[in-house]
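J.: Dropping in model_25.txt, with compact mmCIF, C-alpha atoms.
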```
# COMPACT_ATOMS: atom_id res chain seq x y z
CA MET A 1016 80.19 165.48 135.21
CA ARG A 1017 79.93 164.91 131.55
CA HIS A 1018 83.46 163.52 131.46
CA ARG A 1019 82.63 161.13 134.29
CA VAL A 1020 79.57 159.84 132.39
CA LEU A 1021 81.61 159.43 129.25
CA PHE A 1022 84.40 157.70 131.17
CA ARG A 1023 81.97 155.28 132.82
CA SER A 1024 80.31 154.62 129.48
CA ALA A 1025 83.68 153.86 127.94
CA ILE A 1026 84.49 151.46 130.77
CA ILE A 1027 81.18 149.69 130.23
CA VAL A 1028 81.72 149.46 126.48
CA VAL A 1029 85.27 148.17 126.83
CA SER A 1030 84.24 145.67 129.46
CA GLY A 1031 81.46 144.48 127.22
CA LEU A 1032 83.84 144.05 124.33
CA VAL A 1033 86.32 142.11 126.45
CA ALA A 1034 83.61 139.91 127.90
CA GLY A 1035 82.09 139.33 124.47
CA SER A 1036 85.34 138.31 122.87
CA THR A 1037 86.12 136.01 125.77
CA MET A 1038 82.75 134.35 125.44
CA LEU A 1039 83.26 134.05 121.70
CA ALA A 1040 86.66 132.45 122.22
CA GLN A 1041 85.21 130.00 124.69
CA GLY A 1042 82.12 129.35 122.55
CA SER A 1043 83.89 128.70 119.21
CA GLN A 1044 84.98 125.13 119.76
CA PRO A 1045 87.99 123.84 117.86
CA SER A 1046 87.06 121.38 115.16
CA PRO A 1047 86.73 117.79 116.38
CA LYS A 1048 90.05 115.99 116.43
CA VAL A 1049 90.57 113.73 113.49
CA SER A 1050 90.95 110.13 114.61
CA ASN A 1051 93.78 108.00 113.48
CA TRP A 1052 93.10 104.59 112.09
CA GLY A 1053 94.43 103.01 115.23
CA TYR A 1054 95.90 100.21 113.19
CA GLN A 1055 93.84 97.88 115.28
CA ALA A 1056 92.85 94.62 113.68
CA GLU A 1057 89.19 95.17 114.44
CA GLY A 1058 87.05 98.18 115.15
CA PRO A 1059 85.81 100.29 116.74
CA ASP A 1060 85.11 102.54 113.81
CA PRO A 1061 86.12 106.11 114.53
CA GLU A 1062 83.17 108.26 115.55
CA LEU A 1063 82.60 111.95 115.76
CA PRO A 1064 81.83 113.41 119.19
CA PRO A 1065 78.10 113.84 119.87
CA LEU A 1066 76.75 116.88 118.07
CA ASP A 1067 74.89 119.59 119.92
CA PRO A 1068 72.95 121.55 117.28
CA ASN A 1069 73.53 124.72 119.27
CA GLU A 1070 77.27 124.16 119.44
CA PRO A 1071 79.00 127.25 118.07
CA PHE A 1072 81.58 126.89 115.34
CA ASP A 1073 83.95 129.09 113.38
CA ALA A 1074 82.42 129.55 109.94
CA HIS A 1075 85.82 130.41 108.50
CA ASP A 1076 87.51 127.23 109.73
CA PHE A 1077 87.17 124.33 107.33
CA SER A 1078 89.85 122.25 109.02
CA GLY A 1079 89.17 118.56 108.89
CA VAL A 1080 88.27 115.67 106.66
CA TRP A 1081 85.07 115.90 104.65
CA ALA A 1082 83.29 113.74 102.12
CA THR A 1083 80.52 114.55 99.69
CA ASP A 1084 77.23 113.01 100.67
CA HIS A 1085 76.09 111.32 97.45
CA ARG A 1086 72.96 109.79 98.93
CA GLY A 1087 69.89 110.60 96.96
CA THR A 1088 71.74 110.86 93.65
CA ASN A 1089 70.99 107.26 92.68
CA GLY A 1090 74.67 106.84 91.97
CA PHE A 1091 74.71 109.65 89.40
CA ARG A 1092 77.59 111.81 90.53
CA SER A 1093 78.03 114.94 88.48
CA MET A 1094 77.30 118.67 88.62
CA THR A 1095 73.57 118.05 88.40
CA ASP A 1096 71.37 115.14 87.39
CA GLU A 1097 71.53 114.01 83.78
CA ASP A 1098 68.79 116.34 82.66
CA GLY A 1099 70.66 119.30 84.09
CA THR A 1100 73.57 119.02 81.66
CA PRO A 1101 73.67 122.18 79.53
CA PRO A 1102 73.67 121.89 75.72
CA ARG A 1103 77.12 120.96 74.53
CA THR A 1104 78.87 122.72 71.70
CA ALA A 1105 79.72 120.63 68.66
CA TRP A 1106 83.28 120.30 69.88
CA ALA A 1107 82.27 119.14 73.34
CA GLN A 1108 79.72 116.71 71.94
CA GLU A 1109 82.34 115.12 69.72
CA VAL A 1110 84.75 114.77 72.63
CA TYR A 1111 82.01 113.44 74.89
CA LEU A 1112 81.03 110.72 72.42
CA SER A 1113 84.65 109.69 71.98
CA ARG A 1114 84.92 108.89 75.67
CA LYS A 1115 83.98 105.26 76.16
CA THR A 1116 82.74 104.24 79.57
CA ALA A 1117 80.75 101.41 81.07
CA ARG A 1118 78.68 103.87 83.08
CA PRO A 1119 75.21 104.10 81.51
CA HIS A 1120 74.33 107.64 80.52
CA LYS A 1121 71.80 109.28 78.24
CA GLY A 1122 72.85 109.84 74.69
CA LYS A 1123 75.74 107.42 74.75
CA GLU A 1124 76.01 103.65 74.76
CA ALA A 1125 77.87 102.01 77.60
CA VAL A 1126 80.69 99.75 76.48
CA GLU A 1127 82.23 96.65 77.96
CA PRO A 1128 84.80 98.00 80.39
CA ALA A 1129 87.54 96.03 78.68
CA PHE A 1130 87.08 98.39 75.74
CA GLY A 1131 86.65 101.68 77.55
CA ASN A 1132 89.16 104.53 77.39
CA ASP A 1133 88.77 106.27 80.74
CA PRO A 1134 92.21 107.77 81.45
CA ILE A 1135 91.97 107.18 85.20
CA MET A 1136 92.15 103.46 84.60
CA ALA A 1137 95.76 104.01 83.59
CA CYS A 1138 96.22 106.09 86.75
CA ASN A 1139 96.08 109.44 84.99
CA PRO A 1140 94.97 112.31 87.26
CA LYS A 1141 91.26 112.67 87.84
CA GLY A 1142 91.31 116.47 87.76
CA LEU A 1143 89.67 118.78 90.27
CA LEU A 1144 86.03 118.41 89.32
CA ARG A 1145 86.10 114.64 89.10
CA LEU A 1146 87.77 114.56 92.51
CA PHE A 1147 84.75 116.53 93.78
CA MET A 1148 82.44 113.97 92.22
CA TYR A 1149 84.24 111.01 93.71
CA THR A 1150 83.38 109.07 96.83
CA ASP A 1151 86.64 109.47 98.69
CA PRO A 1152 87.06 112.28 101.22
CA ALA A 1153 89.25 115.38 101.14
CA GLU A 1154 90.90 117.45 103.85
CA PHE A 1155 91.09 121.22 104.22
CA ILE A 1156 94.22 122.48 105.94
CA HIS A 1157 94.63 126.15 106.81
CA THR A 1158 98.21 127.34 106.92
CA SER A 1159 99.28 129.22 110.03
CA THR A 1160 100.14 132.28 107.96
CA GLY A 1161 96.77 132.27 106.28
CA ASP A 1162 98.32 132.64 102.85
CA ARG A 1163 96.52 129.60 101.50
CA ILE A 1164 94.19 126.75 102.27
CA LEU A 1165 95.34 123.33 101.15
CA MET A 1166 92.80 120.85 99.91
CA THR A 1167 94.14 117.32 99.90
CA PHE A 1168 92.17 114.57 98.26
CA GLN A 1169 92.38 110.98 99.43
CA SER A 1170 91.92 109.77 95.87
CA GLN A 1171 95.23 109.76 94.05
CA GLY A 1172 96.85 111.72 96.88
CA SER A 1173 96.10 114.89 94.92
CA THR A 1174 96.48 118.35 96.50
CA ARG A 1175 95.61 121.85 95.44
CA ASN A 1176 96.49 125.27 96.86
CA ILE A 1177 93.68 127.76 97.35
CA TRP A 1178 95.67 131.01 97.52
CA MET A 1179 94.16 133.39 100.06
CA ASP A 1180 96.78 136.14 99.93
CA GLY A 1181 94.91 138.38 97.55
CA ARG A 1182 96.86 137.44 94.46
CA ALA A 1183 95.21 137.59 91.05
CA LEU A 1184 94.68 134.59 88.84
CA PRO A 1185 97.58 133.96 86.45
CA ILE A 1186 97.34 135.73 83.11
CA ASP A 1187 98.50 132.85 80.94
CA PRO A 1188 98.38 129.69 83.01
CA GLU A 1189 99.76 126.42 81.81
CA PRO A 1190 97.20 123.60 81.85
CA ARG A 1191 97.00 121.85 85.19
CA TRP A 1192 94.95 118.83 86.13
CA ASN A 1193 93.67 120.73 89.19
CA GLY A 1194 93.91 124.24 87.76
CA TYR A 1195 95.15 127.29 89.64
CA SER A 1196 92.92 128.50 92.48
CA VAL A 1197 92.58 131.78 94.36
CA GLY A 1198 90.08 132.29 97.14
CA ARG A 1199 88.47 135.09 99.13
CA TRP A 1200 85.83 135.44 101.80
CA GLU A 1201 82.54 137.09 101.02
CA GLY A 1202 81.07 137.18 104.49
CA ASP A 1203 81.00 133.55 105.54
CA THR A 1204 81.21 132.23 101.99
CA LEU A 1205 84.55 131.03 100.68
CA VAL A 1206 84.61 131.93 97.00
CA ILE A 1207 87.22 130.11 94.92
CA ASP A 1208 88.07 130.95 91.32
CA THR A 1209 90.06 128.45 89.29
CA ILE A 1210 91.42 128.59 85.75
CA GLY A 1211 94.10 126.85 83.72
CA PHE A 1212 92.69 123.35 83.37
CA ASP A 1213 94.04 120.39 81.43
CA ASP A 1214 91.12 119.35 79.26
CA ARG A 1215 92.12 115.69 79.06
CA ALA A 1216 90.56 115.00 82.44
CA TRP A 1217 86.95 113.88 82.42
CA LEU A 1218 84.54 116.05 84.41
CA ASP A 1219 82.84 112.92 85.76
CA GLN A 1220 82.72 109.17 85.21
CA TYR A 1221 80.41 109.63 82.21
CA GLY A 1222 83.04 111.47 80.21
CA ASN A 1223 81.52 114.93 80.44
CA VAL A 1224 83.77 117.60 79.04
CA TYR A 1225 85.49 120.84 79.91
CA SER A 1226 88.03 122.83 77.95
CA GLU A 1227 91.26 124.55 78.89
CA ASP A 1228 89.27 127.79 78.92
CA MET A 1229 86.91 126.72 81.68
CA ARG A 1230 86.51 129.09 84.58
CA LEU A 1231 85.33 127.31 87.72
CA GLU A 1232 83.79 129.18 90.63
CA GLU A 1233 83.11 127.38 93.90
CA ARG A 1234 81.12 128.83 96.76
CA TRP A 1235 81.63 127.03 100.06
CA ARG A 1236 79.93 127.61 103.41
CA ARG A 1237 80.33 125.89 106.71
CA VAL A 1238 76.74 125.58 107.93
CA GLY A 1239 77.32 123.45 110.99
CA ARG A 1240 80.04 121.86 113.06
CA ASP A 1241 80.10 118.86 110.73
CA THR A 1242 78.60 120.18 107.49
CA LEU A 1243 79.85 122.15 104.52
CA GLU A 1244 77.77 123.21 101.55
CA ALA A 1245 79.28 123.87 98.14
CA VAL A 1246 78.01 125.04 94.77
CA TYR A 1247 80.19 124.74 91.67
CA ARG A 1248 79.70 126.91 88.61
CA ILE A 1249 81.32 126.22 85.24
CA ASP A 1250 81.68 128.98 82.67
CA ASP A 1251 83.05 127.32 79.56
CA PRO A 1252 81.59 128.65 76.30
CA ARG A 1253 83.87 126.35 74.35
CA SER A 1254 82.04 123.37 75.87
CA TYR A 1255 78.58 124.57 76.91
CA THR A 1256 76.18 127.13 75.54
CA ARG A 1257 75.38 128.38 79.02
CA PRO A 1258 76.95 128.21 82.48
CA TRP A 1259 76.55 124.94 84.33
CA ILE A 1260 75.68 125.45 87.97
CA SER A 1261 75.70 122.45 90.24
CA THR A 1262 73.15 121.43 92.76
CA THR A 1263 74.15 122.21 96.34
CA LYS A 1264 76.66 119.62 97.41
CA ILE A 1265 76.76 118.57 101.05
CA TRP A 1266 80.13 117.63 102.49
CA ARG A 1267 80.01 115.84 105.83
CA ARG A 1268 82.80 115.68 108.34
CA GLN A 1269 84.53 112.34 108.61
CA ALA A 1270 85.85 111.04 111.92
CA HIS A 1271 89.02 109.52 110.51
CA GLU A 1272 92.16 110.75 108.82
CA LEU A 1273 92.75 110.39 105.11
CA ARG A 1274 94.05 107.08 103.95
CA GLU A 1275 96.81 106.77 101.38
CA VAL A 1276 95.18 105.86 98.08
CA PHE A 1277 97.58 106.46 95.26
CA CYS A 1278 96.71 104.91 91.95
CA ALA A 1279 99.62 102.57 91.40
CA PRO A 1280 99.94 101.48 87.77
CA MET A 1281 101.16 98.07 88.88
CA ASP A 1282 97.95 97.53 90.88
CA GLU A 1283 95.75 98.80 88.07
CA GLN A 1284 97.50 96.70 85.44
CA TYR A 1285 97.36 93.56 87.54
CA PHE A 1286 93.65 94.09 88.17
CA ASN A 1287 93.04 94.54 84.45
CA GLU A 1288 94.87 91.29 83.69
CA VAL A 1289 93.20 89.10 86.30
CA ILE A 1290 89.73 90.63 86.58
CA ARG A 1291 88.61 93.27 84.06
CA ASP A 1292 89.90 91.68 80.88
CA PRO A 1293 88.72 88.12 81.67
CA ALA A 1294 85.40 89.51 82.87
CA GLY A 1295 85.01 91.11 79.47
CA GLY A 1296 86.00 87.94 77.69
CA VAL A 1297 89.26 89.44 76.53
CA ILE A 1298 92.03 86.91 76.45
CA GLN A 1299 95.55 88.19 76.89
CA PRO A 1300 98.02 86.79 74.34
CA MET B 1342 90.61 63.88 57.78
CA ARG B 1343 88.41 64.71 60.77
CA ASP B 1344 91.49 65.19 62.95
CA MET B 1345 92.97 67.60 60.41
CA LYS B 1346 89.72 69.55 60.25
CA SER B 1347 89.60 69.77 64.06
CA THR B 1348 93.17 70.94 64.11
CA VAL B 1349 92.42 73.64 61.55
CA VAL B 1350 89.34 74.76 63.47
CA CYS B 1351 91.35 74.98 66.67
CA ALA B 1352 94.07 76.90 64.90
CA VAL B 1353 91.59 79.35 63.46
CA LEU B 1354 90.01 79.87 66.87
CA ALA B 1355 93.40 80.34 68.46
CA VAL B 1356 94.40 82.92 65.89
CA GLY B 1357 91.07 84.62 66.27
CA PHE B 1358 91.46 84.94 70.04
CA ALA B 1359 95.02 86.11 69.64
CA LEU B 1360 93.83 88.88 67.35
CA LEU B 1361 91.26 90.16 69.85
CA PRO B 1362 92.24 93.74 70.69
CA VAL B 1363 94.02 94.01 74.00
CA PRO B 1364 93.14 97.35 75.60
CA MET B 1365 96.08 99.18 77.11
CA GLY B 1366 94.79 99.35 80.66
CA ALA B 1367 92.12 101.98 80.15
CA HIS B 1368 88.88 100.27 81.02
CA HIS B 1369 86.39 101.47 83.52
CA GLY B 1370 83.21 100.60 85.28
CA THR B 1371 83.72 96.89 85.78
CA ASN B 1372 80.16 96.49 87.04
CA GLN B 1373 79.05 96.48 83.42
CA SER B 1374 80.72 93.10 82.88
CA TYR B 1375 78.57 91.23 85.37
CA ASP B 1376 75.06 89.87 85.30
CA ARG B 1377 73.70 91.09 88.59
CA SER B 1378 70.22 89.80 87.76
CA ALA B 1379 71.33 86.18 87.91
CA PRO B 1380 73.68 85.61 90.84
CA ILE B 1381 75.10 82.16 91.45
CA THR B 1382 76.48 80.50 94.56
CA VAL B 1383 79.57 78.33 94.54
CA GLU B 1384 81.64 76.70 97.23
CA GLY B 1385 85.39 76.70 96.92
CA VAL B 1386 88.77 76.90 98.57
CA VAL B 1387 90.64 80.18 98.78
CA THR B 1388 93.92 80.15 96.89
CA GLU B 1389 94.74 83.86 97.17
CA PHE B 1390 93.30 87.08 98.55
CA ARG B 1391 94.72 90.49 97.63
CA TYR B 1392 93.68 93.45 99.80
CA LYS B 1393 94.68 95.96 97.15
CA ASN B 1394 93.40 98.82 95.05
CA PRO B 1395 91.54 99.43 92.83
CA HIS B 1396 89.40 96.60 94.24
CA PRO B 1397 90.43 93.63 96.36
CA GLN B 1398 90.60 90.32 94.52
CA LEU B 1399 89.71 86.84 95.75
CA PHE B 1400 90.76 83.68 93.96
CA ILE B 1401 89.11 80.36 94.78
CA ASP B 1402 89.18 76.86 93.35
CA VAL B 1403 85.73 75.42 92.76
CA THR B 1404 85.46 71.66 92.22
CA ASP B 1405 82.33 70.30 90.59
CA LYS B 1406 80.67 66.94 91.22
CA ASP B 1407 82.73 65.39 88.47
CA GLY B 1408 85.93 66.39 90.21
CA LYS B 1409 86.82 69.11 87.75
CA THR B 1410 88.39 72.15 89.39
CA THR B 1411 87.89 75.62 88.01
CA PRO B 1412 89.83 78.60 89.32
CA TRP B 1413 87.56 81.62 89.84
CA ALA B 1414 88.66 85.26 90.00
CA ILE B 1415 86.32 87.41 92.08
CA GLU B 1416 86.17 91.16 92.27
CA ILE B 1417 85.28 92.77 95.59
CA ALA B 1418 83.65 96.14 94.99
CA PRO B 1419 84.38 97.98 98.26
CA THR B 1420 87.91 99.30 98.25
CA PRO B 1421 90.37 98.61 101.07
CA TYR B 1422 89.50 102.10 102.37
CA THR B 1423 85.79 101.25 102.49
CA LEU B 1424 86.38 97.83 104.01
CA ALA B 1425 88.57 99.34 106.72
CA LEU B 1426 85.85 101.86 107.57
CA ARG B 1427 83.52 98.94 108.13
CA GLY B 1428 85.99 97.28 110.46
CA TRP B 1429 87.48 94.89 107.92
CA SER B 1430 91.12 95.88 108.12
CA ARG B 1431 93.82 94.23 106.07
CA SER B 1432 94.85 91.85 108.83
CA ARG B 1433 91.30 90.88 109.73
CA SER B 1434 90.32 90.33 106.10
CA THR B 1435 93.51 88.51 105.18
CA GLU B 1436 93.20 86.19 108.18
CA ALA B 1437 89.57 85.40 107.37
CA LEU B 1438 90.44 84.65 103.75
CA LYS B 1439 93.79 82.93 104.07
CA PRO B 1440 94.63 80.23 101.54
CA GLY B 1441 92.91 76.94 102.28
CA THR B 1442 89.80 78.56 103.75
CA VAL B 1443 86.60 76.96 102.54
CA VAL B 1444 84.02 79.58 101.58
CA ARG B 1445 80.60 79.80 100.03
CA VAL B 1446 80.42 82.65 97.59
CA THR B 1447 77.44 84.33 95.96
CA LEU B 1448 78.47 86.38 92.99
CA ALA B 1449 77.25 88.03 89.83
CA PRO B 1450 78.92 86.08 87.04
CA SER B 1451 80.50 87.67 83.98
CA HIS B 1452 78.35 88.14 80.90
CA ALA B 1453 81.21 86.60 78.95
CA GLY B 1454 80.79 83.27 80.70
CA THR B 1455 84.35 83.31 82.02
CA PRO B 1456 85.01 82.18 85.63
CA VAL B 1457 85.04 85.76 86.88
CA GLY B 1458 82.45 87.38 89.10
CA LEU B 1459 81.50 90.29 91.31
CA LEU B 1460 81.18 89.33 94.95
CA ARG B 1461 77.78 89.68 96.55
CA GLU B 1462 78.20 87.63 99.72
CA ILE B 1463 80.81 85.38 101.21
CA VAL B 1464 80.39 83.15 104.24
CA ASP B 1465 82.57 80.59 105.97
CA THR B 1466 81.64 77.00 106.76
CA GLN B 1467 79.79 78.20 109.87
CA GLY B 1468 77.70 80.57 107.81
CA VAL B 1469 79.41 83.62 109.28
CA GLU B 1470 79.62 86.54 106.88
CA ILE B 1471 83.08 87.65 105.86
CA LEU B 1472 83.81 91.24 104.79
CA GLY B 1473 80.45 92.41 106.00
CA ASP B 1474 77.48 93.48 103.93
CA LEU B 1475 78.52 93.56 100.29
CA GLY B 1476 75.04 94.03 98.87
CA SER B 1477 75.18 97.79 98.63
CA PRO B 1478 78.28 98.01 96.42
CA LEU B 1479 76.35 96.23 93.71
CA ARG B 1480 74.45 99.44 93.20
CA ALA B 1481 76.37 102.11 91.30
CA GLY B 1482 79.54 102.33 93.29
CA PRO B 1483 82.87 104.01 92.94
CA GLU B 1484 84.39 103.71 89.51
```
Output the structure of this file as C-alpha cells.

T.:
Amino acid sequence: MRHRVLFRSAIIVVSGLVAGSTMLAQGSQPSPKVSNWGYQAEGPDPELPPLDPNEPFDAHDFSGVWATDHRGTNGFRSMTDEDGTPPRTAWAQEVYLSRKTARPHKGKEAVEPAFGNDPIMACNPKGLLRLFMYTDPAEFIHTSTGDRILMTFQSQGSTRNIWMDGRALPIDPEPRWNGYSVGRWEGDTLVIDTIGFDDRAWLDQYGNVYSEDMRLEERWRRVGRDTLEAVYRIDDPRSYTRPWISTTKIWRRQAHELREVFCAPMDEQYFNEVIRDPAGGVIQP
Amino acid sequence: MRDMKSTVVCAVLAVGFALLPVPMGAHHGTNQSYDRSAPITVEGVVTEFRYKNPHPQLFIDVTDKDGKTTPWAIEIAPTPYTLALRGWSRSRSTEALKPGTVVRVTLAPSHAGTPVGLLREIVDTQGVEILGDLGSPLRAGPE
C-alpha cells in the first residue's frame, strides 16, 4: 500500500516536472529576430514586435543588438554625472588636464577642435569604457558551446570576448584597449571582471582617465524582453581615491542589425581637411 | 611705395598663416567651432555630397547679389548610421542632394568666419525638408 502511494506520488511529481519544463520551454520566447537593413532606398524603419509586458524571457540570454539609452543625461555620457567623478590622484589629474577636447567639462577649458588631441580622431581605438559611453549599439552573441559571450560594438567594429568557461583572469596581462574579460552568473546577474587595460584610451569624451591597473567590474541583468541594466565599477587607486560606481545604465534592444562603422583614417583625414580645420580657422599649407 | 608696403603686408600675413600649427588629425567635438546662437540661411547649388563617416559633408556654391560665388562646406551631424535609421539611406540622400540641386540651408556658421557651417535644416525649392529633422543633433551629439 505504502509502495503504491509512493509510486503514484512519484508519477505525479515526474509528470509535474515534465509539464513544467514543457511550459517553460514554450513560455521562454526566443529573442526577437534582428532585422536586416533591407537595403531599400526608403523605409520602413525596422521595428521590434509588439511587447507584451507579461511575455516571458530567458534572463540568461542577452542575444541581440542593444544600445545605451542616454536620454536624461543632457548629453553628458560618462560613468556618472560630472559631480559624481571621484577625486583624482595627482597623476590622473595631470593626465586629465593634458587631454584637450572641445567638450565642455568642469575644471577644464574646452579648446577649438582643430587643436584638440583626442586619439579617436586619428582612428585610435576607443577602449571598452568609452565604447560603453558611446551612442552606437553593441551586440551580444552567445557561442553554442557556452565558453564565451562575444560583445561586438558597432563603433570601430570592436569586439571583446567575455570568457564564461571558468578561467581565471590572466596574472600578467599585456595592455589591451578592451582589456581581458571573464564572466560568471550570480543568479540572473552576469558579472564581468576585466583587467589589463591600455591607459592611452580616454574613459569618455571629456578625457577622463584610467590606468593600466584598473579593475573593471560590470554587473548586467536582463530585466525585460527588450531591456538590459548594467552597472560599471572602476577600482583604480592609481587614478581615483575611491571606487567609481556608475549610475544604472539602461540598454534597449534595437530592431536592426549592426552597421559597419570602422574608423577609416582616410575618411577622418579628409573630414579634418575640408571641415574641422577650416571651421577652426586653420589654414592648411 | 604704397604697393611695396602692401606687398610686404601680404607677405607677412601669408607667412603668418603658413606658420599656424597644423594639428595632425586629432581634433574632436566639432560642435565647438560653430555659433549655434546665430544661425544663418543661405541658398545655393549643391556641388558635392559625401555620405561618409565621421559626418556626411555637403558642399554648395552660394552666389551673392553682386554675383560673387562662395563655396561653402557644411557638416551634417547625424552619421550615415543615424540617417539610415531615420529612413535617409545613402541612395535616397544622394539622389536628393545630387550636384546641381538648388537648396536653402540654415546653418550655424563657424566662429572663425570661414565659409563652413553645421547644418540645421535643408529644404529644396518646394520647401520639402531633406535629411529629416536635423535640429536635435545640434544638442550634444556623438563626438

J.: Quick one: everything within 9 Å of range 1097-1102 of chain A, counting only C-alpha atoms, minus sequence neighbours fewer than 3 positions away in the same chain. Send it as a list in words.

T.: Phe1091, Ser1093, Met1094, Gln1108, His1120, Lys1121, Ser1254, Tyr1255, Thr1256, Arg1257, Pro1258, Trp1259, Ile1260 and Ser1261 of chain A

J.: May I have the residues of chain A within 9 Å of chain B, counting only C-alpha atoms, written as an NGL selection string?

T.: :A and (1052 or 1054-1061 or 1089-1091 or 1115-1119 or 1125-1138 or 1149-1151 or 1220 or 1271 or 1274-1279 or 1282-1284 or 1286-1300)

J.: Find the smallest box with edges along x, y and z containing every listed atom of range 1444-1456 of chain B, then add 6 Å on each side and report centre and edge lengths in Å to one decimal, as lines of an AutoDock Vina configuration file.

T.:
```
center_x = 81.1
center_y = 83.9
center_z = 90.3
size_x = 19.8
size_y = 20.6
size_z = 34.6
```

J.: Residues near Leu1218 in chain A, anyone? I mean within 7 Å using all atoms listed in the file, not counting same-chain ones fewer than 4 positions away, as a compact mmCIF listing (two decimals) with C-alpha atoms, in the coordinates of the input.

T.:
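Heads up, here's the output in part-v4.txt:
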```
# COMPACT_ATOMS: atom_id res chain seq x y z
CA LEU A 1144 86.03 118.41 89.32
CA ARG A 1145 86.10 114.64 89.10
CA GLY A 1222 83.04 111.47 80.21
CA ASN A 1223 81.52 114.93 80.44
CA VAL A 1224 83.77 117.60 79.04
CA TYR A 1225 85.49 120.84 79.91
```

J.: Quick one: pull the distance between CA of Asp1407 in chain B and CA of Leu1438 in chain B, Å, one decimal.

T.: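 Calculated distance between CA of Asp1407 in chain B and CA of Leu1438 in chain B is 25.8 Å.
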
J.: How many Å separate CA of Asp1228 in chain A from CA of Asp1213 in chain A?

T.: 9.2 Å

J.: For Val1386 in chain B, work out the shell of residues within 9 Å, counting only C-alpha atoms and skipping chain neighbours fewer than 3 positions away, then give it as a list of chain:residue names.

T.: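 In the requested format, the answer is B:Phe1400, B:Ile1401, B:Asp1402, B:Val1403, B:Thr1404, B:Pro1440, B:Gly1441, B:Thr1442, B:Val1443, B:Val1444, B:Arg1445.
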
J.: Please return as number ranges by chain every residue within 10 Å of (82.8, 119.3, 106.8), taking into account only C-alpha atoms and the file's own coordinates.

T.: A: 1046, 1076-1083, 1152-1155, 1236-1244, 1265-1269
